[in-house]
Amino acid sequence: MEKIIVHAKFHTGHRQLGYPGKCRWVHGHTWRGTVTVSTEAFPRDALDMSLDFGDIKAIMRALDHKLLVTDQDTAFLDPSLFEPEGLVRLEGKGPSVENVATYVHGHVVQLIERKYPGRGLRYQVEVLIQETENNIFIVDKTVTV
Ligand SMILES: [Zn+2]
């Protein structure tokens, strides 16, 4: 079994519309993410590298200094009120840690699909996202690419 592990840190704003507490106000977090990809034996590129650490890190760094929103946040999605390039639109009902982890997981799978398409290999892709020192969510799924 081989594993690649990448850590990254990113700062974002978000708000949980409809949440009955202080999280409904716009606030920020310094998130920490850890992506772990395992497979029996990684394919190698021309330089004998498997997945580029930088490519995985870039998925998380793309969120840095952005406001995380979902379709329900129509105020921030109005381009006359807020710059669209300052937003990252997540799937789901709110920009929760669950949806941040799902976003990163989906992009890691897309990265594998772009780099080594159609090999029929099983990968375990685990994305751990730490919203605060004490709050962590993990998406851990097996995919075949
Ligand atoms: Zn928050």
# chains A, B, ... in the order shown; residues from 1 in each chain; ligands from 1
>>> residues_near_ligand(ligand="ligand 1", cutoff="8 Å", atoms="only C-alpha atoms and all ligand atoms", output="list in words")
Gly13, His14, Arg15, Gln16, Cys23, His27, Gly28, His29, Ser96 and Glu131 of chain A
>>> write_last_selection(atoms="C-alpha atoms", output="PDB file, in the first residue's frame")
ATOM      1  CA  GLY A  13     -15.108  33.775   5.621  1.00  0.00           C
ATOM      2  CA  HIS A  14     -18.539  32.207   5.728  1.00  0.00           C
ATOM      3  CA  ARG A  15     -21.878  32.349   7.504  1.00  0.00           C
ATOM      4  CA  GLN A  16     -24.467  29.713   8.303  1.00  0.00           C
ATOM      5  CA  CYS A  23     -22.499  31.238  13.316  1.00  0.00           C
ATOM      6  CA  HIS A  27     -17.075  35.318  10.419  1.00  0.00           C
ATOM      7  CA  GLY A  28     -13.752  33.766   9.526  1.00  0.00           C
ATOM      8  CA  HIS A  29     -11.779  30.621  10.202  1.00  0.00           C
ATOM      9  CA  SER A  96     -20.446  23.922   6.588  1.00  0.00           C
ATOM     10  CA  GLU A 131     -12.641  24.186  11.152  1.00  0.00           C
TER      11      GLU A 131
END
>>> residues_around(residues="Gly106 of chain A", least_positions_apart="3", cutoff="12 Å", atoms="only C-alpha atoms", output="list in words")
Val35, Ile56, Ile59, Met60, Leu90, Glu91, Asn99, Val100, Ala101, Thr102, Tyr103, Val109, Gln110, Leu111, Ile112, Glu113, Val125, Glu126, Val127, Val139, Asp140, Lys141, Thr142 and Val143 of chain A
>>> atom_distance(atom1="atom CA of Leu128 of chain A", atom2="atom CA of Leu47 of chain A")
28.3 Å
>>> atom_distance(atom1="atom CA of Ser38 of chain A", atom2="atom CA of Gly118 of chain A")
17.1 Å
>>> select_by_dssp(residues="segment 110-145 of chain A", states="strand (DSSP E)", output="ChimeraX atom specification")
/A:122-130,136-144
>>> closest_residue(among="A:His65, A:Lys57, A:Arg24, A:Arg119", to="Pro95 of chain A", atoms="only C-alpha atoms")
A:Arg24
>>> closest_residue(among="A:Phe76, A:Trp31, A:Tyr19, A:Trp25", to="Glu133 of chain A", atoms="only C-alpha atoms")
A:Trp31
